[in-house]
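K.L.:
As input, take structure_26.pdb (PDB, C-alpha atoms and all ligand atoms):
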```
ATOM      1  CA  MET A   1       5.069  27.227 -27.611  1.00  0.00           C
ATOM      2  CA  LYS A   2       1.865  25.465 -26.613  1.00  0.00           C
ATOM      3  CA  LYS A   3       3.356  22.073 -27.464  1.00  0.00           C
ATOM      4  CA  ILE A   4       6.428  22.816 -25.379  1.00  0.00           C
ATOM      5  CA  LEU A   5       4.250  23.724 -22.404  1.00  0.00           C
ATOM      6  CA  VAL A   6       2.300  20.470 -22.781  1.00  0.00           C
ATOM      7  CA  LEU A   7       5.518  18.462 -22.889  1.00  0.00           C
ATOM      8  CA  ALA A   8       6.905  20.332 -19.893  1.00  0.00           C
ATOM      9  CA  GLY A   9       3.672  19.470 -18.086  1.00  0.00           C
ATOM     10  CA  MET A  10       4.174  15.807 -18.960  1.00  0.00           C
ATOM     11  CA  VAL A  11       7.669  15.921 -17.478  1.00  0.00           C
ATOM     12  CA  VAL A  12       6.287  17.300 -14.219  1.00  0.00           C
ATOM     13  CA  ALA A  13       3.457  14.744 -14.208  1.00  0.00           C
ATOM     14  CA  PHE A  14       5.852  11.823 -14.803  1.00  0.00           C
ATOM     15  CA  GLY A  15       8.089  13.186 -12.057  1.00  0.00           C
ATOM     16  CA  ALA A  16       5.349  12.720  -9.443  1.00  0.00           C
ATOM     17  CA  GLN A  17       4.888   8.944  -9.969  1.00  0.00           C
ATOM     18  CA  ALA A  18       2.346   8.413  -7.224  1.00  0.00           C
ATOM     19  CA  THR A  19      -0.703   6.230  -7.613  1.00  0.00           C
ATOM     20  CA  VAL A  20      -3.534   7.337  -5.378  1.00  0.00           C
ATOM     21  CA  TYR A  21      -6.428   5.121  -4.297  1.00  0.00           C
ATOM     22  CA  THR A  22      -9.399   6.539  -2.418  1.00  0.00           C
ATOM     23  CA  ASP A  23     -11.816   5.039   0.091  1.00  0.00           C
ATOM     24  CA  SER A  24     -14.945   6.495   1.622  1.00  0.00           C
ATOM     25  CA  VAL A  25     -14.838   7.831   5.177  1.00  0.00           C
ATOM     26  CA  ASN A  26     -17.337   6.946   7.902  1.00  0.00           C
ATOM     27  CA  ASP A  27     -17.421   3.335   6.651  1.00  0.00           C
ATOM     28  CA  VAL A  28     -16.194   1.865   9.957  1.00  0.00           C
ATOM     29  CA  ILE A  29     -19.148   0.497  11.930  1.00  0.00           C
ATOM     30  CA  VAL A  30     -17.755  -2.086  14.388  1.00  0.00           C
ATOM     31  CA  PRO A  31     -19.092  -1.693  17.959  1.00  0.00           C
ATOM     32  CA  GLY A  32     -17.605   1.407  19.629  1.00  0.00           C
ATOM     33  CA  SER A  33     -17.349   3.356  16.355  1.00  0.00           C
ATOM     34  CA  PRO A  34     -16.508   5.928  15.224  1.00  0.00           C
ATOM     35  CA  PHE A  35     -12.798   5.078  15.136  1.00  0.00           C
ATOM     36  CA  PRO A  36     -11.368   7.713  12.780  1.00  0.00           C
ATOM     37  CA  HIS A  37      -7.781   6.500  13.382  1.00  0.00           C
ATOM     38  CA  MET A  38      -8.836   3.217  11.717  1.00  0.00           C
ATOM     39  CA  ASP A  39     -10.908   4.869   8.976  1.00  0.00           C
ATOM     40  CA  ILE A  40      -8.862   4.653   5.772  1.00  0.00           C
ATOM     41  CA  SER A  41      -9.531   7.617   3.451  1.00  0.00           C
ATOM     42  CA  GLY A  42      -7.041   6.489   0.816  1.00  0.00           C
ATOM     43  CA  MET A  43      -3.625   5.104   0.010  1.00  0.00           C
ATOM     44  CA  GLU A  44      -0.730   6.443  -2.013  1.00  0.00           C
ATOM     45  CA  ILE A  45       1.800   4.020  -3.507  1.00  0.00           C
ATOM     46  CA  THR A  46       5.146   5.086  -4.920  1.00  0.00           C
ATOM     47  CA  ASN A  47       8.214   3.153  -5.998  1.00  0.00           C
ATOM     48  CA  ASP A  48      11.738   3.708  -7.196  1.00  0.00           C
ATOM     49  CA  LEU A  49      13.969   1.065  -8.775  1.00  0.00           C
ATOM     50  CA  SER A  50      14.635  -0.712  -5.498  1.00  0.00           C
ATOM     51  CA  SER A  51      11.840   0.003  -3.032  1.00  0.00           C
ATOM     52  CA  ILE A  52       8.094   0.534  -2.701  1.00  0.00           C
ATOM     53  CA  THR A  53       6.165   2.714  -0.272  1.00  0.00           C
ATOM     54  CA  PHE A  54       2.581   2.314   0.934  1.00  0.00           C
ATOM     55  CA  ARG A  55       1.064   5.333   2.686  1.00  0.00           C
ATOM     56  CA  PHE A  56      -2.218   4.821   4.537  1.00  0.00           C
ATOM     57  CA  ASP A  57      -4.197   8.075   4.654  1.00  0.00           C
ATOM     58  CA  LEU A  58      -6.530   8.132   7.642  1.00  0.00           C
ATOM     59  CA  ALA A  59      -9.547  10.191   8.689  1.00  0.00           C
ATOM     60  CA  GLY A  60      -8.138  10.358  12.247  1.00  0.00           C
ATOM     61  CA  ASP A  61      -4.819  10.706  14.025  1.00  0.00           C
ATOM     62  CA  PRO A  62      -2.730   7.525  14.591  1.00  0.00           C
ATOM     63  CA  VAL A  63      -0.338   9.470  16.829  1.00  0.00           C
ATOM     64  CA  VAL A  64      -2.992  10.560  19.311  1.00  0.00           C
ATOM     65  CA  THR A  65      -4.747   7.160  19.162  1.00  0.00           C
ATOM     66  CA  ASP A  66      -2.084   4.534  18.543  1.00  0.00           C
ATOM     67  CA  TRP A  67      -3.705   1.106  18.969  1.00  0.00           C
ATOM     68  CA  GLY A  68      -4.702   0.612  15.332  1.00  0.00           C
ATOM     69  CA  LYS A  69      -3.064  -2.035  13.131  1.00  0.00           C
ATOM     70  CA  TYR A  70      -2.440  -1.348   9.434  1.00  0.00           C
ATOM     71  CA  MET A  71      -2.041  -4.184   6.973  1.00  0.00           C
ATOM     72  CA  VAL A  72      -1.554  -4.850   3.271  1.00  0.00           C
ATOM     73  CA  ILE A  73      -2.392  -8.184   1.609  1.00  0.00           C
ATOM     74  CA  ILE A  74      -0.688  -8.837  -1.718  1.00  0.00           C
ATOM     75  CA  ASP A  75      -1.232 -11.271  -4.582  1.00  0.00           C
ATOM     76  CA  SER A  76       1.900 -11.001  -6.710  1.00  0.00           C
ATOM     77  CA  ALA A  77       2.310 -14.527  -8.100  1.00  0.00           C
ATOM     78  CA  PRO A  78       0.292 -17.614  -9.071  1.00  0.00           C
ATOM     79  CA  GLY A  79      -0.808 -19.755  -6.139  1.00  0.00           C
ATOM     80  CA  GLY A  80      -0.755 -18.301  -2.654  1.00  0.00           C
ATOM     81  CA  ASP A  81      -3.074 -18.576   0.331  1.00  0.00           C
ATOM     82  CA  PRO A  82      -6.775 -18.159  -0.607  1.00  0.00           C
ATOM     83  CA  VAL A  83      -8.115 -18.506   2.952  1.00  0.00           C
ATOM     84  CA  SER A  84      -5.869 -16.771   5.483  1.00  0.00           C
ATOM     85  CA  ASN A  85      -2.933 -14.370   5.879  1.00  0.00           C
ATOM     86  CA  GLY A  86       0.347 -13.755   7.658  1.00  0.00           C
ATOM     87  CA  TRP A  87      -1.267 -12.816  10.964  1.00  0.00           C
ATOM     88  CA  VAL A  88      -4.035 -15.419  10.751  1.00  0.00           C
ATOM     89  CA  ARG A  89      -6.642 -12.658  10.981  1.00  0.00           C
ATOM     90  CA  PRO A  90     -10.162 -13.494   9.682  1.00  0.00           C
ATOM     91  CA  ILE A  91      -9.343 -12.038   6.265  1.00  0.00           C
ATOM     92  CA  SER A  92      -9.010 -13.819   2.886  1.00  0.00           C
ATOM     93  CA  MET A  93      -7.864 -12.947  -0.608  1.00  0.00           C
ATOM     94  CA  ALA A  94      -9.631 -15.431  -2.843  1.00  0.00           C
ATOM     95  CA  SER A  95      -7.053 -15.186  -5.646  1.00  0.00           C
ATOM     96  CA  GLY A  96      -4.268 -16.301  -3.252  1.00  0.00           C
ATOM     97  CA  ALA A  97      -2.188 -14.074  -0.971  1.00  0.00           C
ATOM     98  CA  ASP A  98       1.604 -14.223  -1.362  1.00  0.00           C
ATOM     99  CA  SER A  99       2.672 -11.452   1.013  1.00  0.00           C
ATOM    100  CA  TRP A 100       1.346  -9.790   4.130  1.00  0.00           C
ATOM    101  CA  LEU A 101       2.566  -6.512   5.595  1.00  0.00           C
ATOM    102  CA  GLY A 102       1.420  -6.145   9.196  1.00  0.00           C
ATOM    103  CA  SER A 103       2.170  -2.956  11.115  1.00  0.00           C
ATOM    104  CA  TRP A 104       1.539  -1.344  14.484  1.00  0.00           C
ATOM    105  CA  VAL A 105       2.000   2.269  15.584  1.00  0.00           C
ATOM    106  CA  ASP A 106       2.365   1.838  19.339  1.00  0.00           C
ATOM    107  CA  GLY A 107       5.437   0.565  21.180  1.00  0.00           C
ATOM    108  CA  GLY A 108       7.734   2.588  18.922  1.00  0.00           C
ATOM    109  CA  ASN A 109       6.059   1.476  15.642  1.00  0.00           C
ATOM    110  CA  GLY A 110       7.003  -1.597  13.638  1.00  0.00           C
ATOM    111  CA  PHE A 111       6.062  -3.855  10.807  1.00  0.00           C
ATOM    112  CA  GLU A 112       6.540  -7.383   9.546  1.00  0.00           C
ATOM    113  CA  ASN A 113       6.748  -8.746   6.011  1.00  0.00           C
ATOM    114  CA  ARG A 114       5.379 -12.277   5.939  1.00  0.00           C
ATOM    115  CA  SER A 115       5.487 -14.489   2.854  1.00  0.00           C
ATOM    116  CA  TYR A 116       3.467 -17.552   1.882  1.00  0.00           C
ATOM    117  CA  THR A 117       6.058 -20.134   0.926  1.00  0.00           C
ATOM    118  CA  GLY A 118       5.631 -23.864   0.483  1.00  0.00           C
ATOM    119  CA  GLY A 119       2.183 -23.919   2.022  1.00  0.00           C
ATOM    120  CA  SER A 120       2.841 -21.803   5.114  1.00  0.00           C
ATOM    121  CA  TRP A 121       3.506 -18.244   6.205  1.00  0.00           C
ATOM    122  CA  VAL A 122       7.071 -17.330   7.181  1.00  0.00           C
ATOM    123  CA  LEU A 123       8.614 -14.120   8.504  1.00  0.00           C
ATOM    124  CA  SER A 124      10.631 -12.638   5.621  1.00  0.00           C
ATOM    125  CA  GLY A 125      11.591  -9.402   7.340  1.00  0.00           C
ATOM    126  CA  ALA A 126      10.788  -7.063  10.202  1.00  0.00           C
ATOM    127  CA  THR A 127      11.703  -3.583  11.340  1.00  0.00           C
ATOM    128  CA  TYR A 128      12.686  -5.062  14.738  1.00  0.00           C
ATOM    129  CA  ASN A 129      15.204  -7.260  12.889  1.00  0.00           C
ATOM    130  CA  SER A 130      16.575  -4.216  11.036  1.00  0.00           C
ATOM    131  CA  THR A 131      15.784  -5.826   7.669  1.00  0.00           C
ATOM    132  CA  PRO A 132      17.456  -3.608   5.029  1.00  0.00           C
ATOM    133  CA  GLY A 133      15.020  -1.220   3.367  1.00  0.00           C
ATOM    134  CA  MET A 134      12.184  -1.728   5.844  1.00  0.00           C
ATOM    135  CA  SER A 135      10.868   1.335   7.645  1.00  0.00           C
ATOM    136  CA  ILE A 136       7.675   2.693   9.180  1.00  0.00           C
ATOM    137  CA  SER A 137       6.659   6.236  10.070  1.00  0.00           C
ATOM    138  CA  LYS A 138       3.480   8.037  11.025  1.00  0.00           C
ATOM    139  CA  ASN A 139       2.142  11.558  11.376  1.00  0.00           C
ATOM    140  CA  SER A 140      -1.182  13.060  12.430  1.00  0.00           C
ATOM    141  CA  SER A 141      -3.030  11.652   9.403  1.00  0.00           C
ATOM    142  CA  SER A 142      -1.032   8.798   7.896  1.00  0.00           C
ATOM    143  CA  VAL A 143       1.065   5.658   8.378  1.00  0.00           C
ATOM    144  CA  THR A 144       3.821   4.883   5.855  1.00  0.00           C
ATOM    145  CA  LEU A 145       5.503   1.518   5.196  1.00  0.00           C
ATOM    146  CA  SER A 146       8.515   1.036   2.918  1.00  0.00           C
ATOM    147  CA  LEU A 147      10.394  -2.085   1.891  1.00  0.00           C
ATOM    148  CA  LEU A 148      12.516  -3.467  -0.908  1.00  0.00           C
ATOM    149  CA  LEU A 149      10.718  -4.549  -4.092  1.00  0.00           C
ATOM    150  CA  SER A 150      12.858  -7.689  -4.114  1.00  0.00           C
ATOM    151  CA  ASP A 151      11.459  -8.673  -0.708  1.00  0.00           C
ATOM    152  CA  LEU A 152       8.050  -8.891  -2.385  1.00  0.00           C
ATOM    153  CA  GLY A 153       9.464 -10.697  -5.432  1.00  0.00           C
ATOM    154  CA  LEU A 154       8.685  -7.647  -7.580  1.00  0.00           C
ATOM    155  CA  GLY A 155      10.526  -5.742 -10.295  1.00  0.00           C
ATOM    156  CA  VAL A 156       9.844  -2.868 -12.707  1.00  0.00           C
ATOM    157  CA  GLY A 157       6.885  -3.620 -14.972  1.00  0.00           C
ATOM    158  CA  ASP A 158       5.282  -6.150 -12.631  1.00  0.00           C
ATOM    159  CA  THR A 159       1.608  -5.708 -11.755  1.00  0.00           C
ATOM    160  CA  PHE A 160       0.288  -7.017  -8.451  1.00  0.00           C
ATOM    161  CA  PHE A 161      -3.056  -7.004  -6.682  1.00  0.00           C
ATOM    162  CA  PHE A 162      -3.540  -5.858  -3.104  1.00  0.00           C
ATOM    163  CA  ASP A 163      -5.939  -4.513  -0.522  1.00  0.00           C
ATOM    164  CA  ALA A 164      -5.159  -2.462   2.584  1.00  0.00           C
ATOM    165  CA  PHE A 165      -6.891  -2.889   5.934  1.00  0.00           C
ATOM    166  CA  SER A 166      -7.074  -1.431   9.407  1.00  0.00           C
ATOM    167  CA  SER A 167      -7.797  -3.422  12.526  1.00  0.00           C
ATOM    168  CA  GLY A 168      -7.620  -3.494  16.298  1.00  0.00           C
ATOM    169  CA  GLY A 169      -5.101  -5.079  18.606  1.00  0.00           C
ATOM    170  CA  GLY A 170      -6.909  -8.360  19.257  1.00  0.00           C
ATOM    171  CA  GLY A 171      -5.491 -11.338  17.387  1.00  0.00           C
ATOM    172  CA  GLY A 172      -8.965 -12.250  16.169  1.00  0.00           C
ATOM    173  CA  ASP A 173      -9.895  -8.757  15.008  1.00  0.00           C
ATOM    174  CA  GLY A 174     -10.852  -8.666  11.335  1.00  0.00           C
ATOM    175  CA  ALA A 175     -10.599  -6.017   8.624  1.00  0.00           C
ATOM    176  CA  VAL A 176     -12.395  -3.088  10.244  1.00  0.00           C
ATOM    177  CA  ASP A 177     -11.881  -1.107   7.023  1.00  0.00           C
ATOM    178  CA  SER A 178     -10.861  -2.144   3.489  1.00  0.00           C
ATOM    179  CA  LEU A 179      -9.307   0.343   1.064  1.00  0.00           C
ATOM    180  CA  GLY A 180     -11.122  -1.282  -1.855  1.00  0.00           C
ATOM    181  CA  ASN A 181     -14.565  -1.427  -0.250  1.00  0.00           C
ATOM    182  CA  PRO A 182     -16.427   1.898   0.028  1.00  0.00           C
ATOM    183  CA  ASN A 183     -19.075   0.257   2.222  1.00  0.00           C
ATOM    184  CA  PRO A 184     -18.655  -1.099   5.774  1.00  0.00           C
ATOM    185  CA  GLN A 185     -16.356  -4.135   5.612  1.00  0.00           C
ATOM    186  CA  ILE A 186     -17.446  -5.910   8.814  1.00  0.00           C
ATOM    187  CA  ALA A 187     -20.182  -5.280  11.384  1.00  0.00           C
ATOM    188  CA  ASN A 188     -18.461  -7.034  14.304  1.00  0.00           C
ATOM    189  CA  TRP A 189     -14.801  -7.211  15.353  1.00  0.00           C
ATOM    190  CA  GLY A 190     -14.289 -10.892  14.655  1.00  0.00           C
ATOM    191  CA  ASP A 191     -16.207 -11.102  11.383  1.00  0.00           C
ATOM    192  CA  HIS A 192     -14.470 -12.736   8.435  1.00  0.00           C
ATOM    193  CA  SER A 193     -14.159 -10.717   5.224  1.00  0.00           C
ATOM    194  CA  PHE A 194     -12.579 -10.822   1.801  1.00  0.00           C
ATOM    195  CA  ALA A 195     -10.128  -8.451   0.122  1.00  0.00           C
ATOM    196  CA  PHE A 196     -11.350  -6.043  -2.566  1.00  0.00           C
ATOM    197  CA  PRO A 197      -8.310  -6.263  -4.853  1.00  0.00           C
ATOM    198  CA  GLN A 198      -6.746  -3.139  -6.334  1.00  0.00           C
ATOM    199  CA  ALA A 199      -3.942  -3.175  -8.944  1.00  0.00           C
ATOM    200  CA  TYR A 200      -0.550  -1.477  -8.933  1.00  0.00           C
ATOM    201  CA  THR A 201       2.151  -1.619 -11.608  1.00  0.00           C
ATOM    202  CA  VAL A 202       5.770  -1.076 -10.572  1.00  0.00           C
ATOM    203  CA  VAL A 203       6.956   1.878 -12.660  1.00  0.00           C
ATOM    204  CA  PRO A 204      10.433   2.805 -13.898  1.00  0.00           C
ATOM    205  CA  GLU A 205      12.115   5.377 -11.662  1.00  0.00           C
ATOM    206  CA  PRO A 206      10.886   8.971 -12.167  1.00  0.00           C
ATOM    207  CA  GLY A 207      14.310  10.087 -13.336  1.00  0.00           C
ATOM    208  CA  THR A 208      14.094   7.738 -16.336  1.00  0.00           C
ATOM    209  CA  LEU A 209      10.751   9.141 -17.425  1.00  0.00           C
ATOM    210  CA  THR A 210      11.894  12.706 -16.812  1.00  0.00           C
ATOM    211  CA  ALA A 211      14.918  12.062 -19.031  1.00  0.00           C
ATOM    212  CA  LEU A 212      12.613  10.645 -21.726  1.00  0.00           C
ATOM    213  CA  GLY A 213      10.410  13.750 -21.441  1.00  0.00           C
ATOM    214  CA  LEU A 214      13.410  16.048 -21.767  1.00  0.00           C
ATOM    215  CA  GLY A 215      14.548  14.058 -24.798  1.00  0.00           C
ATOM    216  CA  ALA A 216      11.158  14.591 -26.443  1.00  0.00           C
ATOM    217  CA  LEU A 217      11.385  18.287 -25.627  1.00  0.00           C
ATOM    218  CA  ALA A 218      14.822  18.501 -27.244  1.00  0.00           C
ATOM    219  CA  LEU A 219      13.482  16.681 -30.322  1.00  0.00           C
ATOM    220  CA  LEU A 220      10.562  19.116 -30.617  1.00  0.00           C
ATOM    221  CA  ARG A 221      12.913  22.076 -30.304  1.00  0.00           C
ATOM    222  CA  ARG A 222      15.143  20.663 -33.031  1.00  0.00           C
ATOM    223  CA  ARG A 223      12.168  20.188 -35.343  1.00  0.00           C
ATOM    224  CA  ARG A 224      10.955  23.725 -34.779  1.00  0.00           C
ATOM    225  CA  ALA A 225      14.431  25.093 -35.471  1.00  0.00           C
ATOM    226  CA  ARG A 226      14.298  23.790 -39.047  1.00  0.00           C
TER
HETATM  227 CA    CA B 301     -12.735   4.246   5.069  1.00  0.00          CA
HETATM  228 CA    CA B 302     -13.490   1.039   3.089  1.00  0.00          CA
END
```
Kindly return the structure encoded in the file as structure tokens.
Ligand SMILES: [Ca+2]
Ligand SMILES: [Ca+2]
P.N.:
Amino acid sequence: MKKILVLAGMVVAFGAQATVYTDSVNDVIVPGSPFPHMDISGMEITNDLSSITFRFDLAGDPVVTDWGKYMVIIDSAPGGDPVSNGWVRPISMASGADSWLGSWVDGGNGFENRSYTGGSWVLSGATYNSTPGMSISKNSSSVTLSLLLSDLGLGVGDTFFFDAFSSGGGGGDGAVDSLGNPNPQIANWGDHSFAFPQAYTVVPEPGTLTALGLGALALLRRRRAR
């Protein structure tokens, strides 16, 4: 019976399929701080077979205070941009950025997917262009971006590196907070900073793993019946 309970637990655990990353709070120190709506406390990433979702968890409320910008820099392939990003903010990913998700939560919310192709950044999709699979939502403590895996050149089993940032509305504003850096990322709004890369592996859809778990359970039951 104990073994069956363990297996049942594994089925439930596989069913969740969320990878959670945490960041410290109170690590935003740019002039005017505190800015809890820009203070990232963590990120949860989930995927199914066709799409991927990034949820920024925030210390403050991005509905009440809506001028923050929320961005993800992604290294998913060899090459890429080691010095800049899709919004030309003072942020670099030394290993080479291939994609840039840039979002805003005022003016009805929106986000862009920019890709580094042939030596320059191009707009690959945007919520304002109704790109299939792209959506953004927010609540009192989070901002959530979803898009198609194929729009990031990703498939099941692929591992990519990323960091998530918050920033202000000025075009020259840097990474006020970095998911991967538990310490203050920049001291002044326009300071340049580097990504602290985190890893995510695109998993098979939960249903597949649940089916595998149920198969193992059936096997165990058959063995015990002998
Ligand atoms: Ca933080
Ligand atoms: Ca941080």
K.L.:
List the neighbours of Asp66 (chain A) out to 9 Å using all atoms listed in the file; skip same-chain residues closer than 5 positions along the sequence, and give me the result as a ChimeraX atom specification.
P.N.:
/A:37,61,104-107
K.L.:
Which residues, written as a ChimeraX atom specification, have at least one atom at most 6 Å from Phe111 (chain A), with all atoms listed in the file counted and residues fewer than 4 positions away on the same chain left out?
P.N.:
/A:102-103,126-127
K.L.:
Once you count only C-alpha atoms and all ligand atoms, which residues end up within 10 Å of ligand CA 301 (chain B), and could you hand them over as a list in words?
P.N.:
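Answer in the requested format: Thr22, Asp23, Ser24, Val25, Asn26, Asp27, Val28, Pro36, His37, Met38, Asp39, Ile40, Ser41, Gly42, Asp57, Leu58, Ala59, Phe165, Ser166, Val176, Asp177, Ser178, Leu179, Gly180, Asn181, Pro182, Asn183, Pro184 and Gln185 of chain A.
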K.L.:
For the PyMOL selection byres (((chain A and resi 72) around 12) and not hetatm), applied here, can you spell out every residue it catches as number ranges by chain?
P.N.:
A: 43, 45, 53-56, 69-71, 73-75, 85-87, 91-93, 97-103, 111-115, 143-146, 152, 161-167, 175, 177-180, 195-198
K.L.:
Using the chain letters and numbers from the file, which residues does the PyMOL selection byres (((chain A and resi 119) around 12) and not hetatm) grab, as number ranges by chain?
P.N.:
A: 79-86, 96-98, 115-118, 120-122
K.L.:
Those residues with C-alpha atoms, as a PDB file, keeping the file's coordinate frame please?
P.N.:
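Final file, part-v1.pdb:
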```pdb
ATOM      1  CA  GLY A  79      -0.808 -19.755  -6.139  1.00  0.00           C
ATOM      2  CA  GLY A  80      -0.755 -18.301  -2.654  1.00  0.00           C
ATOM      3  CA  ASP A  81      -3.074 -18.576   0.331  1.00  0.00           C
ATOM      4  CA  PRO A  82      -6.775 -18.159  -0.607  1.00  0.00           C
ATOM      5  CA  VAL A  83      -8.115 -18.506   2.952  1.00  0.00           C
ATOM      6  CA  SER A  84      -5.869 -16.771   5.483  1.00  0.00           C
ATOM      7  CA  ASN A  85      -2.933 -14.370   5.879  1.00  0.00           C
ATOM      8  CA  GLY A  86       0.347 -13.755   7.658  1.00  0.00           C
ATOM      9  CA  GLY A  96      -4.268 -16.301  -3.252  1.00  0.00           C
ATOM     10  CA  ALA A  97      -2.188 -14.074  -0.971  1.00  0.00           C
ATOM     11  CA  ASP A  98       1.604 -14.223  -1.362  1.00  0.00           C
ATOM     12  CA  SER A 115       5.487 -14.489   2.854  1.00  0.00           C
ATOM     13  CA  TYR A 116       3.467 -17.552   1.882  1.00  0.00           C
ATOM     14  CA  THR A 117       6.058 -20.134   0.926  1.00  0.00           C
ATOM     15  CA  GLY A 118       5.631 -23.864   0.483  1.00  0.00           C
ATOM     16  CA  SER A 120       2.841 -21.803   5.114  1.00  0.00           C
ATOM     17  CA  TRP A 121       3.506 -18.244   6.205  1.00  0.00           C
ATOM     18  CA  VAL A 122       7.071 -17.330   7.181  1.00  0.00           C
TER      19      VAL A 122
END
```
K.L.:
Counting only C-alpha atoms, which residues have an atom no more than 12 Å from (14.0, -7.2, -6.1) in the file's coordinates? Please list them as JSON, numbers by chain.
P.N.:
{"A": [47, 48, 49, 50, 51, 52, 133, 147, 148, 149, 150, 151, 152, 153, 154, 155, 156, 157, 158, 202]}
K.L.:
My list of candidates is A:Leu123, A:Ile29, A:Ala94, A:Val20. Which is closest to ligand CA 302 (chain B) when distances are computed with all atoms listed in the file?
P.N.:
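Between A:Leu123, A:Ile29, A:Ala94, A:Val20, the residue approaching ligand CA 302 (chain B) most closely is A:Ile29.
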K.L.:
Of the candidates A:Gly60, A:Pro90, A:Tyr21, A:Gly68, which shows the shortest atom-to-atom distance to ligand CA 302 (chain B), using only C-alpha atoms and all ligand atoms?
P.N.:
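Of all the options, A:Tyr21 lies closest to ligand CA 302 (chain B).
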K.L.:
Which residue, A:Ile186, A:Val63, A:Ala199, A:Ala18, has the smallest gap to ligand CA 302 (chain B) when you use all atoms listed in the file?
P.N.:
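Looking only at the distances to ligand CA 302 (chain B), the closest residue turns out to be A:Ile186.
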K.L.:
When you draw a straight line from CA of Ser141 (chain A) to CA of Val64 (chain A), how long is it in Å?
P.N.:
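Computing the Euclidean distance for CA of Ser141 (chain A) and CA of Val64 (chain A) yields 10.0 Å.
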K.L.:
How would you write as a count of residues only the residues that get within 8 Å of (-6.5, -3.1, 21.6) in the file's frame, counting all atoms listed in the file?
P.N.:
5
K.L.:
From the list A:Gly110, A:Gly125, A:Ser130, A:Gly171, which residue is nearest Val88 (chain A) when using only C-alpha atoms?
P.N.:
A:Gly171
K.L.:
What are the centre and edge lengths in Å, to one decimal, of the axis-aligned box around all listed atoms of region 52-64 of chain A with 5 Å added on each side, as JSON?
P.N.:
```
{"center_x": -0.7, "center_y": 5.6, "center_z": 8.3, "size_x": 27.6, "size_y": 20.2, "size_z": 32.0}
```
K.L.:
Just how far from CA of Gly190 (chain A) is CA of Asp173 (chain A), in Å to one decimal?
P.N.:
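Rounded to one decimal, the two atoms are 4.9 Å apart.
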K.L.:
Between CA of Trp189 (chain A) and CA of Val30 (chain A), what is the distance, to one decimal in Å?
P.N.:
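According to the coordinates, CA of Trp189 (chain A) and CA of Val30 (chain A) are separated by 6.0 Å.
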K.L.:
For region 183-196 of chain A, supply N, CA and C atoms and format the output as a PDB file, keeping the file's coordinate frame.
P.N.:
```
ATOM      1  N   ASN A 183     -18.023   0.521   1.240  1.00  0.00           N
ATOM      2  CA  ASN A 183     -19.075   0.257   2.222  1.00  0.00           C
ATOM      3  C   ASN A 183     -18.468  -0.398   3.458  1.00  0.00           C
ATOM      4  N   PRO A 184     -19.205  -0.441   4.582  1.00  0.00           N
ATOM      5  CA  PRO A 184     -18.655  -1.099   5.774  1.00  0.00           C
ATOM      6  C   PRO A 184     -18.166  -2.512   5.454  1.00  0.00           C
ATOM      7  N   GLN A 185     -16.950  -2.841   5.935  1.00  0.00           N
ATOM      8  CA  GLN A 185     -16.356  -4.135   5.612  1.00  0.00           C
ATOM      9  C   GLN A 185     -16.858  -5.228   6.545  1.00  0.00           C
ATOM     10  N   ILE A 186     -16.919  -4.927   7.849  1.00  0.00           N
ATOM     11  CA  ILE A 186     -17.446  -5.910   8.814  1.00  0.00           C
ATOM     12  C   ILE A 186     -18.297  -5.169   9.847  1.00  0.00           C
ATOM     13  N   ALA A 187     -19.281  -5.882  10.397  1.00  0.00           N
ATOM     14  CA  ALA A 187     -20.182  -5.280  11.384  1.00  0.00           C
ATOM     15  C   ALA A 187     -19.720  -5.560  12.813  1.00  0.00           C
ATOM     16  N   ASN A 188     -18.951  -6.659  12.984  1.00  0.00           N
ATOM     17  CA  ASN A 188     -18.461  -7.034  14.304  1.00  0.00           C
ATOM     18  C   ASN A 188     -16.975  -7.362  14.233  1.00  0.00           C
ATOM     19  N   TRP A 189     -16.258  -7.121  15.333  1.00  0.00           N
ATOM     20  CA  TRP A 189     -14.801  -7.211  15.353  1.00  0.00           C
ATOM     21  C   TRP A 189     -14.236  -8.498  14.766  1.00  0.00           C
ATOM     22  N   GLY A 190     -14.862  -9.614  15.084  1.00  0.00           N
ATOM     23  CA  GLY A 190     -14.289 -10.892  14.655  1.00  0.00           C
ATOM     24  C   GLY A 190     -14.803 -11.421  13.332  1.00  0.00           C
ATOM     25  N   ASP A 191     -15.629 -10.618  12.638  1.00  0.00           N
ATOM     26  CA  ASP A 191     -16.207 -11.102  11.383  1.00  0.00           C
ATOM     27  C   ASP A 191     -15.130 -11.365  10.332  1.00  0.00           C
ATOM     28  N   HIS A 192     -15.353 -12.436   9.558  1.00  0.00           N
ATOM     29  CA  HIS A 192     -14.470 -12.736   8.435  1.00  0.00           C
ATOM     30  C   HIS A 192     -14.854 -11.879   7.237  1.00  0.00           C
ATOM     31  N   SER A 193     -13.849 -11.460   6.456  1.00  0.00           N
ATOM     32  CA  SER A 193     -14.159 -10.717   5.224  1.00  0.00           C
ATOM     33  C   SER A 193     -13.111 -11.000   4.161  1.00  0.00           C
ATOM     34  N   PHE A 194     -13.454 -10.600   2.952  1.00  0.00           N
ATOM     35  CA  PHE A 194     -12.579 -10.822   1.801  1.00  0.00           C
ATOM     36  C   PHE A 194     -11.985  -9.506   1.305  1.00  0.00           C
ATOM     37  N   ALA A 195     -10.786  -9.612   0.725  1.00  0.00           N
ATOM     38  CA  ALA A 195     -10.128  -8.451   0.122  1.00  0.00           C
ATOM     39  C   ALA A 195     -10.920  -7.970  -1.093  1.00  0.00           C
ATOM     40  N   PHE A 196     -10.825  -6.670  -1.345  1.00  0.00           N
ATOM     41  CA  PHE A 196     -11.350  -6.043  -2.566  1.00  0.00           C
ATOM     42  C   PHE A 196     -10.126  -5.610  -3.369  1.00  0.00           C
TER      43      PHE A 196
END
```
